[in-house]
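Visitor: If it helps, the file is called protein.cif and holds mmCIF, C-alpha atoms and all ligand atoms:
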```cif
data_start
#
loop_
_atom_site.group_PDB
_atom_site.id
_atom_site.type_symbol
_atom_site.label_atom_id
_atom_site.label_comp_id
_atom_site.auth_asym_id
_atom_site.auth_seq_id
_atom_site.Cartn_x
_atom_site.Cartn_y
_atom_site.Cartn_z
ATOM 1 C CA PRO Q 1 -35.726 -21.786 -6.312
ATOM 2 C CA LEU Q 2 -33.451 -19.580 -8.362
ATOM 3 C CA PRO Q 3 -29.707 -20.235 -8.216
ATOM 4 C CA PRO Q 4 -27.955 -17.531 -6.093
ATOM 5 C CA SER Q 5 -25.771 -16.542 -9.045
ATOM 6 C CA LEU Q 6 -28.896 -15.501 -10.928
ATOM 7 C CA TYR Q 7 -29.763 -12.931 -8.235
ATOM 8 C CA PHE Q 8 -26.276 -11.524 -8.603
ATOM 9 C CA GLU Q 9 -26.316 -11.446 -12.408
ATOM 10 C CA THR Q 10 -29.759 -9.832 -12.452
ATOM 11 C CA VAL Q 11 -28.612 -6.986 -10.192
ATOM 12 C CA GLU Q 12 -25.266 -6.730 -11.963
ATOM 13 C CA GLN Q 13 -26.896 -6.388 -15.392
ATOM 14 C CA SER Q 14 -29.757 -4.112 -14.312
ATOM 15 C CA PRO Q 15 -29.991 -0.901 -16.381
ATOM 16 C CA VAL Q 16 -30.704 0.954 -13.130
ATOM 17 C CA ALA Q 17 -27.637 2.007 -11.117
ATOM 18 C CA ILE Q 18 -27.679 -0.153 -7.981
ATOM 19 C CA SER Q 19 -25.499 0.013 -4.898
ATOM 20 C CA ILE Q 20 -25.528 -1.744 -1.548
ATOM 21 C CA THR Q 21 -24.052 0.073 1.450
ATOM 22 C CA ASP Q 22 -23.506 -0.519 5.136
ATOM 23 C CA ALA Q 23 -25.724 1.297 7.664
ATOM 24 C CA LYS Q 24 -23.632 4.490 7.267
ATOM 25 C CA ALA Q 25 -23.838 4.617 3.447
ATOM 26 C CA SER Q 26 -20.352 3.257 2.840
ATOM 27 C CA ILE Q 27 -20.465 1.472 -0.524
ATOM 28 C CA LEU Q 28 -20.007 -2.305 -0.431
ATOM 29 C CA TYR Q 29 -21.222 -3.107 -3.935
ATOM 30 C CA ALA Q 30 -21.996 -1.164 -7.091
ATOM 31 C CA ASN Q 31 -23.293 -2.645 -10.331
ATOM 32 C CA ALA Q 32 -22.134 -1.998 -13.891
ATOM 33 C CA ALA Q 33 -24.808 0.679 -14.517
ATOM 34 C CA PHE Q 34 -23.584 2.542 -11.395
ATOM 35 C CA GLU Q 35 -20.050 2.611 -12.860
ATOM 36 C CA HIS Q 36 -21.396 3.759 -16.200
ATOM 37 C CA LEU Q 37 -23.603 6.519 -14.756
ATOM 38 C CA SER Q 38 -21.169 7.877 -12.172
ATOM 39 C CA GLY Q 39 -18.021 7.483 -14.241
ATOM 40 C CA TYR Q 40 -16.272 5.814 -11.285
ATOM 41 C CA ARG Q 41 -14.839 2.323 -11.524
ATOM 42 C CA ARG Q 42 -16.011 0.048 -8.783
ATOM 43 C CA ASP Q 43 -12.656 -0.110 -7.052
ATOM 44 C CA GLU Q 44 -12.735 3.694 -6.756
ATOM 45 C CA VAL Q 45 -16.042 3.780 -4.853
ATOM 46 C CA LEU Q 46 -15.865 0.664 -2.677
ATOM 47 C CA GLY Q 47 -15.498 1.732 0.957
ATOM 48 C CA LYS Q 48 -16.395 5.341 0.112
ATOM 49 C CA ASN Q 49 -19.571 7.071 1.289
ATOM 50 C CA GLU Q 50 -22.337 7.619 -1.260
ATOM 51 C CA SER Q 51 -21.668 11.315 -0.711
ATOM 52 C CA ILE Q 52 -18.897 10.864 -3.288
ATOM 53 C CA LEU Q 53 -21.769 11.422 -5.774
ATOM 54 C CA SER Q 54 -23.035 14.536 -4.048
ATOM 55 C CA SER Q 55 -22.759 17.947 -5.682
ATOM 56 C CA ASN Q 56 -23.141 21.038 -3.554
ATOM 57 C CA ALA Q 57 -26.404 21.839 -5.348
ATOM 58 C CA THR Q 58 -28.597 19.662 -3.108
ATOM 59 C CA PRO Q 59 -29.789 21.513 0.038
ATOM 60 C CA GLU Q 60 -28.769 19.855 3.327
ATOM 61 C CA SER Q 61 -32.421 19.724 4.398
ATOM 62 C CA ILE Q 62 -33.024 17.140 1.659
ATOM 63 C CA TYR Q 63 -30.282 14.904 3.048
ATOM 64 C CA ARG Q 64 -31.664 15.317 6.572
ATOM 65 C CA GLN Q 65 -35.091 14.263 5.366
ATOM 66 C CA LEU Q 66 -33.580 11.336 3.454
ATOM 67 C CA TRP Q 67 -31.770 10.056 6.562
ATOM 68 C CA ARG Q 68 -34.778 10.600 8.834
ATOM 69 C CA THR Q 69 -36.873 8.497 6.471
ATOM 70 C CA ILE Q 70 -34.477 5.590 5.991
ATOM 71 C CA GLN Q 71 -33.542 5.449 9.672
ATOM 72 C CA ARG Q 72 -37.233 4.920 10.384
ATOM 73 C CA LYS Q 73 -36.892 1.851 8.148
ATOM 74 C CA LYS Q 74 -38.937 3.485 5.395
ATOM 75 C CA THR Q 75 -38.143 3.873 1.714
ATOM 76 C CA TRP Q 76 -37.041 7.315 0.543
ATOM 77 C CA THR Q 77 -37.712 8.442 -3.018
ATOM 78 C CA GLY Q 78 -36.468 11.740 -4.324
ATOM 79 C CA THR Q 79 -34.288 13.650 -6.711
ATOM 80 C CA LEU Q 80 -30.726 14.727 -5.951
ATOM 81 C CA VAL Q 81 -28.189 16.660 -7.966
ATOM 82 C CA ASN Q 82 -25.304 14.244 -8.409
ATOM 83 C CA ARG Q 83 -21.859 14.739 -9.839
ATOM 84 C CA ARG Q 84 -19.941 12.324 -12.034
ATOM 85 C CA LYS Q 85 -16.237 11.683 -11.656
ATOM 86 C CA ASN Q 86 -15.570 14.121 -14.524
ATOM 87 C CA GLY Q 87 -17.450 16.861 -12.644
ATOM 88 C CA ASP Q 88 -20.599 16.877 -14.790
ATOM 89 C CA GLU Q 89 -23.787 17.216 -12.799
ATOM 90 C CA TYR Q 90 -26.881 15.105 -13.437
ATOM 91 C CA LEU Q 91 -30.315 14.862 -11.877
ATOM 92 C CA ALA Q 92 -30.640 11.527 -10.131
ATOM 93 C CA GLU Q 93 -33.981 10.008 -9.254
ATOM 94 C CA LEU Q 94 -33.242 7.838 -6.239
ATOM 95 C CA VAL Q 95 -34.922 5.092 -4.314
ATOM 96 C CA ILE Q 96 -33.177 4.186 -1.060
ATOM 97 C CA SER Q 97 -34.487 1.392 1.109
ATOM 98 C CA PRO Q 98 -33.259 -0.317 4.263
ATOM 99 C CA VAL Q 99 -32.211 -3.960 4.322
ATOM 100 C CA LEU Q 100 -33.020 -5.396 7.751
ATOM 101 C CA ASP Q 101 -31.175 -8.183 9.547
ATOM 102 C CA SER Q 102 -32.898 -11.119 11.243
ATOM 103 C CA ALA Q 103 -33.396 -8.969 14.389
ATOM 104 C CA GLY Q 104 -35.207 -6.344 12.323
ATOM 105 C CA GLU Q 105 -32.378 -3.801 12.595
ATOM 106 C CA ILE Q 106 -30.930 -1.827 9.723
ATOM 107 C CA ALA Q 107 -27.958 -3.740 8.374
ATOM 108 C CA HIS Q 108 -27.584 -2.258 4.908
ATOM 109 C CA PHE Q 109 -29.156 0.118 2.459
ATOM 110 C CA LEU Q 110 -30.096 -0.531 -1.133
ATOM 111 C CA GLY Q 111 -29.725 2.471 -3.425
ATOM 112 C CA MET Q 112 -31.135 2.611 -6.939
ATOM 113 C CA HIS Q 113 -30.879 5.608 -9.193
ATOM 114 C CA ARG Q 114 -31.284 6.718 -12.756
ATOM 115 C CA ASP Q 115 -30.379 9.826 -14.669
ATOM 116 C CA VAL Q 116 -33.502 11.948 -15.252
ATOM 117 C CA THR Q 117 -31.671 15.086 -16.441
ATOM 118 C CA ARG Q 118 -33.278 14.939 -19.887
ATOM 119 C CA GLU Q 119 -36.761 14.486 -18.472
ATOM 120 C CA HIS Q 120 -36.613 17.874 -16.743
HETATM 121 P P1 LIG N 201 -23.208 15.565 5.389
HETATM 122 O O1 LIG N 201 -22.820 16.852 6.049
HETATM 123 O O2 LIG N 201 -22.457 14.316 5.682
HETATM 124 O O3 LIG N 201 -24.724 15.241 5.663
HETATM 125 C C1 LIG N 201 -25.780 16.144 5.456
HETATM 126 C C2 LIG N 201 -26.888 15.806 6.421
HETATM 127 O O4 LIG N 201 -27.342 14.463 6.161
HETATM 128 C C3 LIG N 201 -26.438 15.783 7.868
HETATM 129 O O5 LIG N 201 -26.620 17.028 8.474
HETATM 130 C C4 LIG N 201 -27.340 14.746 8.488
HETATM 131 O O6 LIG N 201 -28.583 15.317 8.828
HETATM 132 C C5 LIG N 201 -27.578 13.776 7.375
HETATM 133 N N1 LIG N 201 -26.695 12.578 7.489
HETATM 134 C C6 LIG N 201 -25.578 12.317 6.764
HETATM 135 N N2 LIG N 201 -25.049 11.131 7.107
HETATM 136 C C7 LIG N 201 -25.851 10.626 8.074
HETATM 137 C C8 LIG N 201 -25.839 9.422 8.820
HETATM 138 N N3 LIG N 201 -24.887 8.478 8.661
HETATM 139 N N4 LIG N 201 -26.829 9.232 9.710
HETATM 140 C C9 LIG N 201 -27.787 10.164 9.895
HETATM 141 N N5 LIG N 201 -27.861 11.326 9.214
HETATM 142 C C10 LIG N 201 -26.901 11.556 8.324
HETATM 143 N N6 LIG N 201 -26.207 11.237 -1.658
HETATM 144 C C11 LIG N 201 -26.041 11.848 -2.850
HETATM 145 O O7 LIG N 201 -25.739 13.039 -2.892
HETATM 146 N N7 LIG N 201 -26.211 11.170 -4.023
HETATM 147 C C12 LIG N 201 -26.546 9.856 -4.065
HETATM 148 O O8 LIG N 201 -26.705 9.274 -5.143
HETATM 149 C C13 LIG N 201 -26.725 9.192 -2.812
HETATM 150 N N8 LIG N 201 -27.046 7.877 -2.783
HETATM 151 C C14 LIG N 201 -27.203 7.256 -1.576
HETATM 152 C C15 LIG N 201 -27.506 5.894 -1.556
HETATM 153 C C16 LIG N 201 -27.674 5.213 -0.359
HETATM 154 C C17 LIG N 201 -28.006 3.734 -0.391
HETATM 155 C C18 LIG N 201 -27.548 5.928 0.870
HETATM 156 C C19 LIG N 201 -27.750 5.212 2.172
HETATM 157 C C20 LIG N 201 -27.221 7.286 0.867
HETATM 158 C C21 LIG N 201 -27.055 7.969 -0.346
HETATM 159 N N9 LIG N 201 -26.721 9.331 -0.393
HETATM 160 C C22 LIG N 201 -26.548 9.935 -1.619
HETATM 161 C C23 LIG N 201 -26.574 10.142 0.851
HETATM 162 C C24 LIG N 201 -25.110 10.250 1.244
HETATM 163 O O9 LIG N 201 -24.734 9.122 2.005
HETATM 164 C C25 LIG N 201 -24.838 11.538 2.096
HETATM 165 O O10 LIG N 201 -25.605 11.534 3.275
HETATM 166 C C26 LIG N 201 -25.181 12.820 1.317
HETATM 167 O O11 LIG N 201 -24.533 12.779 0.044
HETATM 168 C C27 LIG N 201 -24.736 14.063 2.096
HETATM 169 O O12 LIG N 201 -23.379 13.977 2.321
HETATM 170 P P2 LIG N 201 -22.520 15.252 2.651
HETATM 171 O O13 LIG N 201 -21.150 14.775 2.999
HETATM 172 O O14 LIG N 201 -22.666 16.247 1.548
HETATM 173 O O15 LIG N 201 -23.235 15.927 3.861
#
```
Show this structure as structure tokens.
Guide:
Amino acid sequence: PLPPSLYFETVEQSPVAISITDAKASILYANAAFEHLSGYRRDEVLGKNESILSSNATPESIYRQLWRTIQRKKTWTGTLVNRRKNGDEYLAELVISPVLDSAGEIAHFLGMHRDVTREH
């Protein structure tokens, strides 16, 4: 078995921006790539909703569809227009998946995103 610290270091050093939230999308953990991409230091986003990254360019129907999917315990993949701390917008390709507890209920969400602005 791998030592637990290796799981942490692997996520921490991933080039993909990774965050772990509670069941309402309040951020409990963000890795180094998340800080780099968003421009926020970790202590600025902990306890905040992921909507801190939202720009007003993403239609609400997309968010509704996102929540409908993840609340059904499915993985949602899609592209959102995000905003960095400095106000710059970027296209974020996201994967959001539920993390279930031992009773099979949604306990957390895992969010992974990368900047695909240049690919569009
Ligand atoms: P709101 O008015 O709060 O929400 C818009 C619509 O979304 C609502 O009408 C409702 O249908 C739905 N909704 C919002 N919150 C909930 C909820 N708790 N339960 C059910 N339905 C809800 N958003 C981004 O813009 N960029 C990101 O990178 C991003 N990453 C995320 C990562 C994770 C792991 C999770 C779980 C969510 C992420 N979100 C992200 C979604 C984010 O949490 C917000 O829902 C979204 O930004 C809209 O927020 P708002 O305040 O603009 O709109």
Visitor: So for ligand LIG 201 (chain N), what box centre and size do we get, axis-aligned, 6 Å extra on each of the six sides, every listed atom, Å to one decimal, as lines of an AutoDock Vina configuration file?
Guide:
```
center_x = -24.9
center_y = 10.4
center_z = 2.4
size_x = 19.4
size_y = 25.3
size_z = 27.0
```
Visitor: Smallest atom-to-atom distance to ligand LIG 201 (chain N): which of Q:Ala25, Q:Leu2, Q:Ala103, Q:Leu91, using all atoms listed in the file?
Guide: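 That would be Q:Ala25, the residue with the smallest distance to ligand LIG 201 (chain N).
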Visitor: Near range 112-114 of chain Q, within 7 Å and counting only C-alpha atoms, which residues show up once chain neighbours fewer than 2 positions away are dropped, as a PDB file with C-alpha atoms, in the coordinates of the input?
Guide:
```pdb
ATOM      1  CA  VAL Q  16     -30.704   0.954 -13.130  1.00  0.00           C
ATOM      2  CA  ALA Q  17     -27.637   2.007 -11.117  1.00  0.00           C
ATOM      3  CA  ILE Q  18     -27.679  -0.153  -7.981  1.00  0.00           C
ATOM      4  CA  SER Q  19     -25.499   0.013  -4.898  1.00  0.00           C
ATOM      5  CA  ALA Q  92     -30.640  11.527 -10.131  1.00  0.00           C
ATOM      6  CA  GLU Q  93     -33.981  10.008  -9.254  1.00  0.00           C
ATOM      7  CA  LEU Q  94     -33.242   7.838  -6.239  1.00  0.00           C
ATOM      8  CA  VAL Q  95     -34.922   5.092  -4.314  1.00  0.00           C
ATOM      9  CA  ILE Q  96     -33.177   4.186  -1.060  1.00  0.00           C
ATOM     10  CA  LEU Q 110     -30.096  -0.531  -1.133  1.00  0.00           C
ATOM     11  CA  VAL Q 116     -33.502  11.948 -15.252  1.00  0.00           C
TER      12      VAL Q 116
END
```
Visitor: Running the PyMOL selection byres (((chain Q and resi 54) around 6) and not hetatm) on this model by hand, what would come out? Give it as number ranges by chain.
Guide: Q: 51-53, 55, 82-83
Visitor: For the residues in the current selection, export C-alpha atoms as a PDB file, keeping the file's coordinate frame.
Guide:
```pdb
ATOM      1  CA  SER Q  51     -21.668  11.315  -0.711  1.00  0.00           C
ATOM      2  CA  ILE Q  52     -18.897  10.864  -3.288  1.00  0.00           C
ATOM      3  CA  LEU Q  53     -21.769  11.422  -5.774  1.00  0.00           C
ATOM      4  CA  SER Q  55     -22.759  17.947  -5.682  1.00  0.00           C
ATOM      5  CA  ASN Q  82     -25.304  14.244  -8.409  1.00  0.00           C
ATOM      6  CA  ARG Q  83     -21.859  14.739  -9.839  1.00  0.00           C
TER       7      ARG Q  83
END
```
Visitor: Suppose you want the space between CA of Glu89 in chain Q and CA of Ser38 in chain Q; what is it in Å?
Guide: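 Separation between CA of Glu89 in chain Q and CA of Ser38 in chain Q: 9.7 Å.
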Visitor: If we count all atoms listed in the file, what is near Gly104 in chain Q at a cut-off of 12 Å, once residues fewer than 5 positions away on the same chain are taken out, given as a ChimeraX atom specification?
Guide: /Q:72-73,98-99
Visitor: How many Å separate CA of Val45 in chain Q from CA of Ile27 in chain Q?
Guide: 6.6 Å
Visitor: Could you list, as a PyMOL selection string, every residue within 9 Å of Glu12 in chain Q, counting all atoms listed in the file and ignoring same-chain residues fewer than 6 positions away?
Guide: chain Q and resi 18+30-33
Visitor: Given the choices Q:Phe8, Q:Tyr63, Q:Trp76, Q:Tyr90, which gets closest to ligand LIG 201 (chain N) if the distance is worked out from only C-alpha atoms and all ligand atoms?
Guide: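 For ligand LIG 201 (chain N), the nearest of the given residues is Q:Tyr63.
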Visitor: Let me make sure I understand: among Q:Pro59, Q:Pro15, Q:Pro4, Q:Gly87, which one has the smallest atom-to-atom distance to ligand LIG 201 (chain N) if we use only C-alpha atoms and all ligand atoms?
Guide: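 The answer is Q:Pro59, which sits nearest to ligand LIG 201 (chain N).
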Visitor: What does the distance between atom P2 of ligand LIG 201 (chain N) and CA of Ser26 in chain Q come to in Å, to one decimal place?
Guide: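 Going from atom P2 of ligand LIG 201 (chain N) over to CA of Ser26 in chain Q covers 12.2 Å.
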Visitor: Can you pull out every residue within 9 Å of Gly47 in chain Q, counting all atoms listed in the file, but drop anything in the same chain fewer than 3 positions away, and send it as a list of chain:residue names?
Guide: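 The filter keeps Q:Thr21, Q:Ser26, Q:Ile27, Q:Leu28, Q:Tyr29, Q:Asp43, Q:Glu44.
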Visitor: Measuring atom to atom with all atoms listed in the file, identify which of Q:Asn86, Q:Thr117, Q:Thr77, Q:Thr58 is nearest to ligand LIG 201 (chain N).
Guide: Q:Thr58
